[in-house]
>>> print(open('final.cif').read())   # mmCIF, C-alpha atoms
data_model
loop_
_atom_site.label_atom_id
_atom_site.label_comp_id
_atom_site.auth_asym_id
_atom_site.auth_seq_id
_atom_site.Cartn_x
_atom_site.Cartn_y
_atom_site.Cartn_z
CA MET X 114 -13.28 0.09 -30.23
CA ARG X 115 -16.67 0.37 -28.55
CA MET X 116 -16.42 -0.41 -24.85
CA ILE X 117 -17.79 0.09 -21.37
CA PHE X 118 -15.56 1.24 -18.53
CA MET X 119 -16.10 0.16 -14.92
CA GLY X 120 -14.10 1.77 -12.12
CA THR X 121 -14.40 3.86 -8.98
CA PRO X 122 -11.33 5.26 -7.14
CA ASP X 123 -8.32 7.38 -8.10
CA PHE X 124 -6.40 4.30 -9.25
CA ALA X 125 -8.82 3.91 -12.19
CA VAL X 126 -8.65 7.55 -13.35
CA PRO X 127 -5.50 7.33 -15.54
CA CYS X 128 -6.93 4.26 -17.28
CA LEU X 129 -10.17 5.98 -18.25
CA GLN X 130 -8.26 9.09 -19.33
CA ALA X 131 -5.96 6.96 -21.49
CA LEU X 132 -8.92 5.33 -23.22
CA VAL X 133 -10.42 8.75 -23.94
CA ASP X 134 -7.07 10.03 -25.24
CA GLU X 135 -6.79 7.00 -27.54
CA GLY X 136 -10.17 7.83 -29.06
CA HIS X 137 -12.03 4.69 -28.03
CA ASP X 138 -15.83 4.77 -28.18
CA ILE X 139 -16.87 4.58 -24.52
CA GLY X 140 -20.59 3.83 -24.48
CA GLY X 141 -20.97 4.14 -20.74
CA VAL X 142 -19.08 4.37 -17.44
CA PHE X 143 -20.17 2.31 -14.45
CA THR X 144 -19.05 3.33 -10.98
CA GLN X 145 -20.10 2.99 -7.35
CA PRO X 146 -22.91 5.19 -5.95
CA ASP X 147 -22.00 8.54 -4.39
CA LYS X 148 -21.08 8.18 -0.71
CA PRO X 149 -21.28 10.56 2.27
CA LYS X 150 -17.90 11.98 3.29
CA GLY X 151 -16.50 14.45 5.77
CA ARG X 152 -17.97 15.78 8.97
CA GLY X 153 -21.05 17.01 7.17
CA TYR X 154 -21.57 13.64 5.44
CA THR X 155 -21.97 15.38 2.11
CA PHE X 156 -22.61 12.93 -0.73
CA THR X 157 -19.49 12.92 -2.88
CA PRO X 158 -19.12 11.38 -6.36
CA PRO X 159 -16.34 8.84 -7.01
CA PRO X 160 -13.30 10.19 -8.92
CA ILE X 161 -14.29 8.18 -12.00
CA LYS X 162 -17.71 9.79 -12.12
CA GLU X 163 -16.15 13.25 -12.00
CA LEU X 164 -13.79 12.43 -14.87
CA ALA X 165 -16.52 10.79 -16.94
CA LEU X 166 -18.82 13.78 -16.62
CA ARG X 167 -16.02 16.15 -17.63
CA HIS X 168 -15.74 14.17 -20.87
CA GLY X 169 -19.50 14.05 -21.41
CA LEU X 170 -19.74 10.29 -20.90
CA MET X 171 -22.89 8.55 -19.73
CA VAL X 172 -22.54 7.45 -16.08
CA TYR X 173 -24.34 4.57 -14.40
CA GLN X 174 -24.19 3.94 -10.64
CA PRO X 175 -26.14 0.75 -9.89
CA SER X 176 -26.22 -0.51 -6.31
CA THR X 177 -26.23 -4.09 -7.58
CA LEU X 178 -25.27 -5.94 -10.74
CA ARG X 179 -27.48 -8.93 -10.03
CA ASP X 180 -31.06 -7.76 -10.56
CA GLY X 181 -31.08 -8.14 -14.36
CA LYS X 182 -31.48 -4.41 -15.06
CA VAL X 183 -27.77 -3.70 -15.52
CA GLN X 184 -27.46 -6.69 -17.83
CA GLU X 185 -30.11 -5.21 -20.13
CA ILE X 186 -28.47 -1.78 -20.05
CA ILE X 187 -25.13 -3.26 -21.06
CA LYS X 188 -26.69 -5.31 -23.86
CA ASP X 189 -28.30 -2.15 -25.23
CA LEU X 190 -24.92 -0.37 -25.18
CA GLU X 191 -23.48 -3.17 -27.38
CA PRO X 192 -19.88 -3.10 -26.13
CA GLU X 193 -17.18 -5.13 -27.85
CA LEU X 194 -15.16 -4.97 -24.63
CA ILE X 195 -15.64 -4.20 -20.94
CA VAL X 196 -12.69 -2.70 -19.07
CA ALA X 197 -12.80 -2.87 -15.26
CA VAL X 198 -10.29 -1.11 -12.99
CA ALA X 199 -10.86 -1.19 -9.22
CA TYR X 200 -14.62 -1.13 -9.73
CA GLY X 201 -15.39 -2.69 -6.35
CA LYS X 202 -17.94 -5.23 -7.53
CA ILE X 203 -17.55 -8.73 -8.94
CA LEU X 204 -19.14 -9.05 -12.37
CA PRO X 205 -21.61 -11.94 -12.66
CA LYS X 206 -21.30 -14.40 -15.53
CA GLU X 207 -24.35 -12.90 -17.27
CA ILE X 208 -22.40 -9.65 -17.72
CA LEU X 209 -19.02 -11.25 -18.42
CA ASP X 210 -20.57 -13.09 -21.38
CA ILE X 211 -21.96 -9.98 -23.11
CA PRO X 212 -18.97 -8.31 -24.86
CA VAL X 213 -17.68 -10.24 -27.86
CA ARG X 214 -14.03 -9.50 -26.94
CA GLY X 215 -14.52 -10.29 -23.28
CA CYS X 216 -13.82 -8.31 -20.11
CA ILE X 217 -10.36 -7.02 -19.16
CA ASN X 218 -9.26 -6.06 -15.67
CA VAL X 219 -6.26 -3.96 -14.60
CA HIS X 220 -4.98 -5.17 -11.22
CA GLY X 221 -2.31 -3.54 -9.05
CA SER X 222 -0.13 -6.57 -8.39
CA LEU X 223 1.90 -9.24 -10.13
CA LEU X 224 -0.78 -11.90 -10.15
CA PRO X 225 -1.45 -14.45 -8.82
CA LYS X 226 0.13 -12.70 -5.83
CA TYR X 227 -2.12 -10.30 -3.94
CA ARG X 228 -5.56 -10.94 -5.29
CA GLY X 229 -8.17 -8.78 -3.60
CA ALA X 230 -8.90 -5.21 -2.56
CA ALA X 231 -5.55 -3.93 -1.24
CA PRO X 232 -2.69 -5.36 -3.34
CA ILE X 233 -0.53 -2.23 -3.27
CA GLN X 234 -0.74 -1.77 0.50
CA TRP X 235 0.14 -5.42 1.14
CA THR X 236 3.07 -5.23 -1.28
CA VAL X 237 4.56 -2.52 0.94
CA LEU X 238 3.44 -4.07 4.24
CA ASN X 239 5.25 -7.27 3.36
CA GLY X 240 8.40 -5.42 2.35
CA ASP X 241 8.43 -6.62 -1.27
CA SER X 242 11.22 -5.15 -3.38
CA VAL X 243 9.24 -5.44 -6.64
CA ALA X 244 5.67 -4.41 -7.46
CA GLY X 245 3.67 -4.30 -10.66
CA VAL X 246 0.43 -4.35 -12.59
CA THR X 247 -1.29 -7.20 -14.41
CA THR X 248 -3.98 -7.14 -17.08
CA MET X 249 -6.18 -10.20 -17.33
CA PHE X 250 -9.38 -11.57 -18.79
CA MET X 251 -11.98 -11.51 -16.03
CA GLY X 252 -13.45 -14.73 -14.68
CA GLU X 253 -16.18 -15.41 -12.16
CA GLY X 254 -13.78 -15.57 -9.20
CA LEU X 255 -11.92 -12.78 -7.41
CA ASP X 256 -8.99 -11.80 -9.67
CA THR X 257 -8.71 -15.38 -10.94
CA GLY X 258 -8.86 -14.86 -14.73
CA ASP X 259 -6.18 -15.68 -17.27
CA MET X 260 -3.30 -13.18 -17.27
CA LEU X 261 -2.50 -11.11 -20.36
CA LEU X 262 0.37 -8.65 -19.78
CA LYS X 263 2.49 -7.55 -16.81
CA THR X 264 4.77 -4.67 -15.98
CA GLU X 265 7.16 -4.51 -13.02
CA THR X 266 8.78 -1.73 -11.02
CA PRO X 267 11.15 -1.70 -8.02
CA VAL X 268 9.77 -0.54 -4.68
CA GLY X 269 11.83 2.10 -2.87
CA GLU X 270 13.01 1.18 0.62
CA ASN X 271 11.18 4.20 2.07
CA GLU X 272 8.33 4.35 -0.46
CA THR X 273 4.84 4.48 1.02
CA SER X 274 1.84 2.68 -0.40
CA GLY X 275 0.43 6.06 -1.42
CA GLU X 276 3.55 6.88 -3.42
CA LEU X 277 3.60 3.43 -5.02
CA PHE X 278 -0.11 3.81 -5.79
CA GLU X 279 0.60 6.98 -7.77
CA ARG X 280 3.22 5.22 -9.88
CA LEU X 281 1.29 2.02 -10.47
CA CYS X 282 -1.92 3.71 -11.59
CA HIS X 283 -0.02 5.35 -14.49
CA LEU X 284 1.85 2.15 -15.30
CA GLY X 285 -1.54 0.43 -15.34
CA ALA X 286 -2.93 2.92 -17.85
CA ASP X 287 0.01 2.34 -20.20
CA LEU X 288 -0.34 -1.42 -19.82
CA LEU X 289 -4.08 -1.23 -20.54
CA ILE X 290 -3.53 0.57 -23.84
CA GLN X 291 -0.82 -1.93 -24.78
CA THR X 292 -3.18 -4.80 -23.90
CA ILE X 293 -6.01 -3.41 -26.02
CA ASN X 294 -3.69 -2.82 -28.96
CA GLU X 295 -2.44 -6.41 -28.74
CA LEU X 296 -6.03 -7.65 -28.40
CA GLN X 297 -7.04 -5.84 -31.59
CA LYS X 298 -4.10 -7.41 -33.44
CA GLY X 299 -4.98 -10.87 -32.11
CA ALA X 300 -1.55 -11.11 -30.49
CA LEU X 301 -2.53 -11.81 -26.87
CA ARG X 302 -1.70 -15.20 -25.37
CA PRO X 303 -3.66 -15.64 -22.11
CA ILE X 304 -1.80 -17.47 -19.34
CA PRO X 305 -3.73 -19.31 -16.58
CA GLN X 306 -2.81 -18.32 -13.03
CA ASP X 307 -0.94 -20.82 -10.87
CA GLU X 308 -3.33 -21.35 -7.97
CA SER X 309 -0.55 -22.69 -5.77
CA MET X 310 1.12 -19.25 -5.95
CA ALA X 311 -2.01 -17.24 -5.17
CA SER X 312 -2.30 -15.01 -2.10
CA TYR X 313 -5.06 -12.72 -0.87
CA ALA X 314 -4.69 -9.01 -0.07
CA GLY X 315 -7.65 -8.23 2.15
CA MET X 316 -9.00 -4.75 2.77
CA LEU X 317 -7.33 -2.81 5.57
CA SER X 318 -9.02 -0.87 8.37
CA LYS X 319 -8.11 1.27 11.37
CA LYS X 320 -7.91 -1.94 13.40
CA ASP X 321 -4.65 -2.60 11.55
CA SER X 322 -3.12 0.73 12.63
CA PRO X 323 -1.54 0.07 16.08
CA ILE X 324 2.22 -0.45 15.93
CA ASP X 325 3.74 -3.46 17.66
CA TRP X 326 7.12 -2.17 18.81
CA SER X 327 8.28 -5.70 19.65
CA LYS X 328 8.65 -6.35 15.92
CA THR X 329 11.91 -5.56 14.13
CA ALA X 330 12.63 -2.04 12.95
CA GLN X 331 12.20 -3.15 9.33
CA GLN X 332 8.79 -4.69 10.09
CA VAL X 333 7.66 -1.54 11.90
CA HIS X 334 8.95 0.60 9.03
CA ASN X 335 7.03 -1.52 6.51
CA HIS X 336 3.93 -1.25 8.67
CA VAL X 337 4.18 2.55 8.74
CA ARG X 338 4.77 3.02 5.03
CA GLY X 339 2.23 0.34 4.08
CA LEU X 340 -0.53 2.16 5.98
CA SER X 341 0.38 5.62 4.70
CA PRO X 342 -1.67 7.60 3.75
CA TRP X 343 -4.53 5.42 5.12
CA PRO X 344 -5.45 4.06 7.63
CA VAL X 345 -2.11 5.31 9.10
CA ALA X 346 0.00 3.52 11.70
CA ASN X 347 -0.33 4.86 15.23
CA THR X 348 0.79 4.59 18.83
CA ILE X 349 0.08 6.31 22.17
CA TYR X 350 2.20 9.25 23.33
CA HIS X 351 1.34 11.20 26.50
CA ASN X 352 -2.05 9.42 26.62
CA LYS X 353 -3.03 10.58 23.13
CA ARG X 354 -2.98 8.87 19.77
CA LEU X 355 0.02 9.72 17.62
CA LYS X 356 -0.25 8.90 13.93
CA ILE X 357 3.03 8.06 12.21
CA TYR X 358 3.25 8.60 8.44
CA GLN X 359 6.99 8.21 7.76
CA THR X 360 9.96 6.55 9.43
CA LEU X 361 13.54 5.58 8.67
CA VAL X 362 15.26 2.37 9.76
CA HIS X 363 18.33 2.48 12.02
CA SER X 364 19.48 -1.10 12.42
CA GLY X 365 22.43 -0.20 14.65
CA GLU X 366 20.28 1.29 17.43
CA ASN X 367 19.12 -1.14 20.11
CA GLY X 368 17.07 -0.77 23.28
CA LYS X 369 13.85 -1.75 25.00
CA PRO X 370 10.98 -1.98 22.44
CA GLY X 371 8.79 1.10 22.62
CA ASP X 372 11.35 3.28 24.39
CA ILE X 373 11.71 6.68 22.75
CA LYS X 374 14.70 9.00 22.86
CA GLU X 375 16.06 12.10 21.19
CA LYS X 376 19.53 12.07 19.64
CA ASN X 377 21.20 14.80 17.58
CA GLY X 378 17.86 16.48 16.95
CA ALA X 379 16.18 13.27 15.74
CA VAL X 380 13.64 11.11 17.60
CA PHE X 381 14.10 7.34 17.71
CA VAL X 382 11.86 4.51 18.91
CA TYR X 383 13.47 1.18 19.77
CA CYS X 384 11.98 -1.95 18.27
CA GLY X 385 12.48 -5.68 18.77
CA GLY X 386 15.68 -5.29 16.76
CA GLY X 387 17.03 -1.92 15.69
CA ALA X 388 15.09 1.33 15.88
CA VAL X 389 13.06 3.63 13.67
CA GLU X 390 13.48 7.36 13.36
CA LEU X 391 10.17 9.21 13.34
CA VAL X 392 9.95 11.55 10.34
CA THR X 393 6.34 12.70 9.89
CA VAL X 394 3.65 12.50 12.58
CA GLN X 395 0.24 13.85 13.56
CA TYR X 396 -0.98 14.21 17.13
CA GLU X 397 -4.59 13.58 18.05
CA GLY X 398 -6.53 16.74 17.12
CA GLY X 399 -3.48 18.34 15.50
CA LYS X 400 -1.88 18.83 12.09
CA LYS X 401 0.53 16.57 10.25
CA MET X 402 4.10 17.84 10.73
CA SER X 403 7.74 16.81 10.92
CA ALA X 404 8.61 14.78 13.99
CA LYS X 405 11.33 17.28 14.89
CA ASP X 406 8.81 20.13 15.02
CA PHE X 407 6.32 18.04 16.95
CA PHE X 408 8.73 16.94 19.66
CA ARG X 409 10.02 20.47 20.14
CA GLY X 410 6.54 21.26 21.42
CA HIS X 411 6.01 17.90 23.13
CA PRO X 412 9.39 17.02 24.68
CA VAL X 413 10.32 13.41 25.36
CA GLU X 414 10.34 12.64 29.07
CA LYS X 415 12.87 10.41 30.79
CA ASP X 416 12.11 6.68 30.37
CA GLU X 417 9.29 7.50 27.93
CA ASN X 418 7.71 4.41 26.35
CA LEU X 419 5.24 4.33 23.48
CA LEU X 420 2.20 2.12 23.89
CA ILE X 421 0.07 0.09 21.53
CA CYS X 422 -3.31 1.78 21.01
#
>>> encode(input="final.cif", output="structure tokens")
Amino acid sequence: MRMIFMGTPDFAVPCLQALVDEGHDIGGVFTQPDKPKGRGYTFTPPPIKELALRHGLMVYQPSTLRDGKVQEIIKDLEPELIVAVAYGKILPKEILDIPVRGCINVHGSLLPKYRGAAPIQWTVLNGDSVAGVTTMFMGEGLDTGDMLLKTETPVGENETSGELFERLCHLGADLLIQTINELQKGALRPIPQDESMASYAGMLSKKDSPIDWSKTAQQVHNHVRGLSPWPVANTIYHNKRLKIYQTLVHSGENGKPGDIKEKNGAVFVYCGGGAVELVTVQYEGGKKMSAKDFFRGHPVEKDENLLIC
């Protein structure tokens, strides 16, 4: 099938690779413009651009979809279908109406729950036990189109959003191929989303990183794993920022929220109910390491209390 692919980050890479492996005719790949990264602010291409170029696909990186130029480019490419996966831009109606088979989106949640930019992170932040991927026909709103197929997977009690991300992006690729196969057979039955069940998963930032130790141990644990690997939960230790990537819940430990203590070689922080064991941390200006190694070099002082950044 002749199609156009639209996507930008790592999450979209398995989907584009699956379409190539299936032999679909990809007339063009649309992705976000290169962005400066690192200390040297070197312009770096999105992961989708790198993959597309390796396969010899034509790449387009428009800064806007609303000036009429992109619409003409897409018309000239004559796609039967547009596939969008974490593209980062909302497609206007003028583009949605071009492909004869419509536009399909792969979204990292069980819609209508967690519409928006960060569905996987919010799944973990909220402590959900089940996650998934949904394919849908795209509409003019944000992730509001009719649903096509879904796939579910349990979320591990210590699984981070980064780990869940890695699993869901491959589940999404499989679901995309299944969706396209069903579309070609005329077997899809679109299901409208229940607006009363919809929720929004807004983009996260470093402002969300500080840990509130007055919350329960489970809430703190979800906060840590939901923000790992970015923007990373943090606290203040010895007047410096301490990033926390992994924790474990210890519901039987109780003490003053924020108090930190060492016990049997492990380091615990009391919460508003229970405690968390610190597993992987990174001190300001240092390297990521096990908490045990870190605290051997930065011993816990008597009556030590972690602060909110």
>>> closest_atom_pairs(input="final.cif", of="segment 241-317 of chain X", to="segment 216-223 of chain X", cutoff="9 Å", atoms="only C-alpha atoms", output="JSON lines")
{"residue": "X:Val243", "atom": "CA", "partner": "X:Leu223", "partner_atom": "CA", "distance": 9.0}
{"residue": "X:Ala244", "atom": "CA", "partner": "X:Ser222", "partner_atom": "CA", "distance": 6.3}
{"residue": "X:Gly245", "atom": "CA", "partner": "X:Ser222", "partner_atom": "CA", "distance": 5.0}
{"residue": "X:Val246", "atom": "CA", "partner": "X:Gly221", "partner_atom": "CA", "distance": 4.5}
{"residue": "X:Thr247", "atom": "CA", "partner": "X:His220", "partner_atom": "CA", "distance": 5.3}
{"residue": "X:Thr248", "atom": "CA", "partner": "X:Val219", "partner_atom": "CA", "distance": 4.6}
{"residue": "X:Met249", "atom": "CA", "partner": "X:Asn218", "partner_atom": "CA", "distance": 5.4}
{"residue": "X:Phe250", "atom": "CA", "partner": "X:Ile217", "partner_atom": "CA", "distance": 4.7}
{"residue": "X:Met251", "atom": "CA", "partner": "X:Cys216", "partner_atom": "CA", "distance": 5.5}
{"residue": "X:Gly252", "atom": "CA", "partner": "X:Cys216", "partner_atom": "CA", "distance": 8.4}
{"residue": "X:Asp256", "atom": "CA", "partner": "X:His220", "partner_atom": "CA", "distance": 7.9}
{"residue": "X:Gly258", "atom": "CA", "partner": "X:Asn218", "partner_atom": "CA", "distance": 8.9}
{"residue": "X:Leu261", "atom": "CA", "partner": "X:Ile217", "partner_atom": "CA", "distance": 8.9}
{"residue": "X:Lys263", "atom": "CA", "partner": "X:Leu223", "partner_atom": "CA", "distance": 6.9}
{"residue": "X:Thr264", "atom": "CA", "partner": "X:Leu223", "partner_atom": "CA", "distance": 8.0}
{"residue": "X:Glu265", "atom": "CA", "partner": "X:Leu223", "partner_atom": "CA", "distance": 7.6}
{"residue": "X:Phe278", "atom": "CA", "partner": "X:Gly221", "partner_atom": "CA", "distance": 8.3}
{"residue": "X:Leu281", "atom": "CA", "partner": "X:Gly221", "partner_atom": "CA", "distance": 6.8}
{"residue": "X:Cys282", "atom": "CA", "partner": "X:Gly221", "partner_atom": "CA", "distance": 7.7}
{"residue": "X:Gly285", "atom": "CA", "partner": "X:Val219", "partner_atom": "CA", "distance": 6.5}
{"residue": "X:Ala286", "atom": "CA", "partner": "X:Val219", "partner_atom": "CA", "distance": 8.3}
{"residue": "X:Leu288", "atom": "CA", "partner": "X:Val219", "partner_atom": "CA", "distance": 8.3}
{"residue": "X:Leu289", "atom": "CA", "partner": "X:Val219", "partner_atom": "CA", "distance": 6.9}
{"residue": "X:Thr292", "atom": "CA", "partner": "X:Ile217", "partner_atom": "CA", "distance": 8.9}
{"residue": "X:Ile293", "atom": "CA", "partner": "X:Ile217", "partner_atom": "CA", "distance": 8.9}
>>> write_last_selection(input="final.cif", atoms="C-alpha atoms", output="PDB file, in the frame of the given file")
ATOM      1  CA  VAL X 243       9.240  -5.440  -6.640  1.00  0.00           C
ATOM      2  CA  ALA X 244       5.670  -4.410  -7.460  1.00  0.00           C
ATOM      3  CA  GLY X 245       3.670  -4.300 -10.660  1.00  0.00           C
ATOM      4  CA  VAL X 246       0.430  -4.350 -12.590  1.00  0.00           C
ATOM      5  CA  THR X 247      -1.290  -7.200 -14.410  1.00  0.00           C
ATOM      6  CA  THR X 248      -3.980  -7.140 -17.080  1.00  0.00           C
ATOM      7  CA  MET X 249      -6.180 -10.200 -17.330  1.00  0.00           C
ATOM      8  CA  PHE X 250      -9.380 -11.570 -18.790  1.00  0.00           C
ATOM      9  CA  MET X 251     -11.980 -11.510 -16.030  1.00  0.00           C
ATOM     10  CA  GLY X 252     -13.450 -14.730 -14.680  1.00  0.00           C
ATOM     11  CA  ASP X 256      -8.990 -11.800  -9.670  1.00  0.00           C
ATOM     12  CA  GLY X 258      -8.860 -14.860 -14.730  1.00  0.00           C
ATOM     13  CA  LEU X 261      -2.500 -11.110 -20.360  1.00  0.00           C
ATOM     14  CA  LYS X 263       2.490  -7.550 -16.810  1.00  0.00           C
ATOM     15  CA  THR X 264       4.770  -4.670 -15.980  1.00  0.00           C
ATOM     16  CA  GLU X 265       7.160  -4.510 -13.020  1.00  0.00           C
ATOM     17  CA  PHE X 278      -0.110   3.810  -5.790  1.00  0.00           C
ATOM     18  CA  LEU X 281       1.290   2.020 -10.470  1.00  0.00           C
ATOM     19  CA  CYS X 282      -1.920   3.710 -11.590  1.00  0.00           C
ATOM     20  CA  GLY X 285      -1.540   0.430 -15.340  1.00  0.00           C
ATOM     21  CA  ALA X 286      -2.930   2.920 -17.850  1.00  0.00           C
ATOM     22  CA  LEU X 288      -0.340  -1.420 -19.820  1.00  0.00           C
ATOM     23  CA  LEU X 289      -4.080  -1.230 -20.540  1.00  0.00           C
ATOM     24  CA  THR X 292      -3.180  -4.800 -23.900  1.00  0.00           C
ATOM     25  CA  ILE X 293      -6.010  -3.410 -26.020  1.00  0.00           C
TER      26      ILE X 293
END
>>> resolve_selection(input="final.cif", expression="the PyMOL selection byres ((chain X and resi 115) around 6)", output="compact mmCIF listing (two decimals) with C-alpha atoms, in the coordinates of the input")
# COMPACT_ATOMS: atom_id res chain seq x y z
CA MET X 114 -13.28 0.09 -30.23
CA MET X 116 -16.42 -0.41 -24.85
CA ASP X 138 -15.83 4.77 -28.18
CA ILE X 139 -16.87 4.58 -24.52
CA PRO X 192 -19.88 -3.10 -26.13
CA GLU X 193 -17.18 -5.13 -27.85
>>> atom_distance(input="final.cif", atom1="atom CA of Gly386 of chain X", atom2="atom CA of Val362 of chain X")
10.4 Å
>>> resolve_selection(input="final.cif", expression="the PyMOL selection byres ((chain X and resi 128) around 10)", output="number ranges by chain")
X: 118, 120, 123-127, 129-134, 161, 196-198, 219, 282-290
>>> write_last_selection(input="final.cif", atoms="C-alpha atoms", output="mmCIF file, in the frame of the given file")
data_model
loop_
_atom_site.group_PDB
_atom_site.id
_atom_site.type_symbol
_atom_site.label_atom_id
_atom_site.label_comp_id
_atom_site.auth_asym_id
_atom_site.auth_seq_id
_atom_site.Cartn_x
_atom_site.Cartn_y
_atom_site.Cartn_z
ATOM 1 C CA PHE X 118 -15.560 1.240 -18.530
ATOM 2 C CA GLY X 120 -14.100 1.770 -12.120
ATOM 3 C CA ASP X 123 -8.320 7.380 -8.100
ATOM 4 C CA PHE X 124 -6.400 4.300 -9.250
ATOM 5 C CA ALA X 125 -8.820 3.910 -12.190
ATOM 6 C CA VAL X 126 -8.650 7.550 -13.350
ATOM 7 C CA PRO X 127 -5.500 7.330 -15.540
ATOM 8 C CA LEU X 129 -10.170 5.980 -18.250
ATOM 9 C CA GLN X 130 -8.260 9.090 -19.330
ATOM 10 C CA ALA X 131 -5.960 6.960 -21.490
ATOM 11 C CA LEU X 132 -8.920 5.330 -23.220
ATOM 12 C CA VAL X 133 -10.420 8.750 -23.940
ATOM 13 C CA ASP X 134 -7.070 10.030 -25.240
ATOM 14 C CA ILE X 161 -14.290 8.180 -12.000
ATOM 15 C CA VAL X 196 -12.690 -2.700 -19.070
ATOM 16 C CA ALA X 197 -12.800 -2.870 -15.260
ATOM 17 C CA VAL X 198 -10.290 -1.110 -12.990
ATOM 18 C CA VAL X 219 -6.260 -3.960 -14.600
ATOM 19 C CA CYS X 282 -1.920 3.710 -11.590
ATOM 20 C CA HIS X 283 -0.020 5.350 -14.490
ATOM 21 C CA LEU X 284 1.850 2.150 -15.300
ATOM 22 C CA GLY X 285 -1.540 0.430 -15.340
ATOM 23 C CA ALA X 286 -2.930 2.920 -17.850
ATOM 24 C CA ASP X 287 0.010 2.340 -20.200
ATOM 25 C CA LEU X 288 -0.340 -1.420 -19.820
ATOM 26 C CA LEU X 289 -4.080 -1.230 -20.540
ATOM 27 C CA ILE X 290 -3.530 0.570 -23.840
#
>>> closest_residue(input="final.cif", among="X:Asp416, X:Asp180, X:Asp241, X:Glu397", to="Gln332 of chain X", atoms="only C-alpha atoms")
X:Asp241
>>> resolve_selection(input="final.cif", expression="the PyMOL selection byres ((chain X and resi 157) around 6)", output="list in words")
Asp147, Lys148, Pro149, Phe156 and Pro158 of chain X
>>> closest_residue(input="final.cif", among="X:Val337, X:Ala165, X:Val394, X:Met310", to="Ser322 of chain X", atoms="all atoms listed in the file")
X:Val337
>>> residues_around(input="final.cif", residues="Pro159 of chain X", least_positions_apart="5", cutoff="8 Å", atoms="all atoms listed in the file", output="PyMOL selection string")
chain X and resi 121-122+144-148
>>> residues_around(input="final.cif", residues="Gly215 of chain X", least_positions_apart="6", cutoff="7 Å", atoms="only C-alpha atoms", output="PyMOL selection string")
chain X and resi 194-195+209+250
>>> closest_residue(input="final.cif", among="X:Gly136, X:Pro412, X:Pro232, X:Gly181", to="Ile208 of chain X", atoms="only C-alpha atoms")
X:Gly181
>>> atom_distance(input="final.cif", atom1="atom CA of Ala311 of chain X", atom2="atom CA of Thr236 of chain X")
13.6 Å
>>> decode(input="final.cif", residues="segment 128-138 of chain X", atoms="N, CA, C and O atoms", output="CSV table (one decimal), in the first residue's frame")
chain,number,residue,atom,x,y,z
X,128,CYS,N,7.7,1.2,14.4
X,128,CYS,CA,6.6,1.3,13.4
X,128,CYS,C,7.0,1.5,12.0
X,128,CYS,O,6.6,0.8,11.1
X,129,LEU,N,7.9,2.5,11.8
X,129,LEU,CA,8.4,2.7,10.5
X,129,LEU,C,9.2,1.5,10.0
X,129,LEU,O,9.1,1.1,8.8
X,130,GLN,N,10.0,0.9,10.8
X,130,GLN,CA,10.8,-0.3,10.4
X,130,GLN,C,9.8,-1.4,10.0
X,130,GLN,O,10.1,-2.2,9.1
X,131,ALA,N,8.8,-1.6,10.8
X,131,ALA,CA,7.8,-2.7,10.5
X,131,ALA,C,7.1,-2.4,9.1
X,131,ALA,O,6.9,-3.4,8.3
X,132,LEU,N,6.8,-1.2,8.8
X,132,LEU,CA,6.2,-0.9,7.5
X,132,LEU,C,7.2,-1.2,6.3
X,132,LEU,O,6.8,-1.7,5.3
X,133,VAL,N,8.5,-0.9,6.6
X,133,VAL,CA,9.5,-1.2,5.6
X,133,VAL,C,9.6,-2.7,5.4
X,133,VAL,O,9.7,-3.2,4.3
X,134,ASP,N,9.7,-3.4,6.5
X,134,ASP,CA,9.8,-4.8,6.5
X,134,ASP,C,8.6,-5.5,5.8
X,134,ASP,O,8.8,-6.6,5.1
X,135,GLU,N,7.5,-4.9,5.9
X,135,GLU,CA,6.3,-5.5,5.3
X,135,GLU,C,6.2,-5.1,3.8
X,135,GLU,O,5.3,-5.6,3.1
X,136,GLY,N,7.1,-4.3,3.3
X,136,GLY,CA,7.2,-4.0,1.9
X,136,GLY,C,6.2,-2.9,1.4
X,136,GLY,O,5.9,-2.8,0.2
X,137,HIS,N,5.7,-2.1,2.3
X,137,HIS,CA,4.8,-1.1,1.9
X,137,HIS,C,5.5,0.0,1.2
X,137,HIS,O,6.7,0.3,1.4
X,138,ASP,N,4.8,0.7,0.3
X,138,ASP,CA,5.4,1.7,-0.6
X,138,ASP,C,5.3,3.1,0.2
X,138,ASP,O,4.2,3.7,0.2
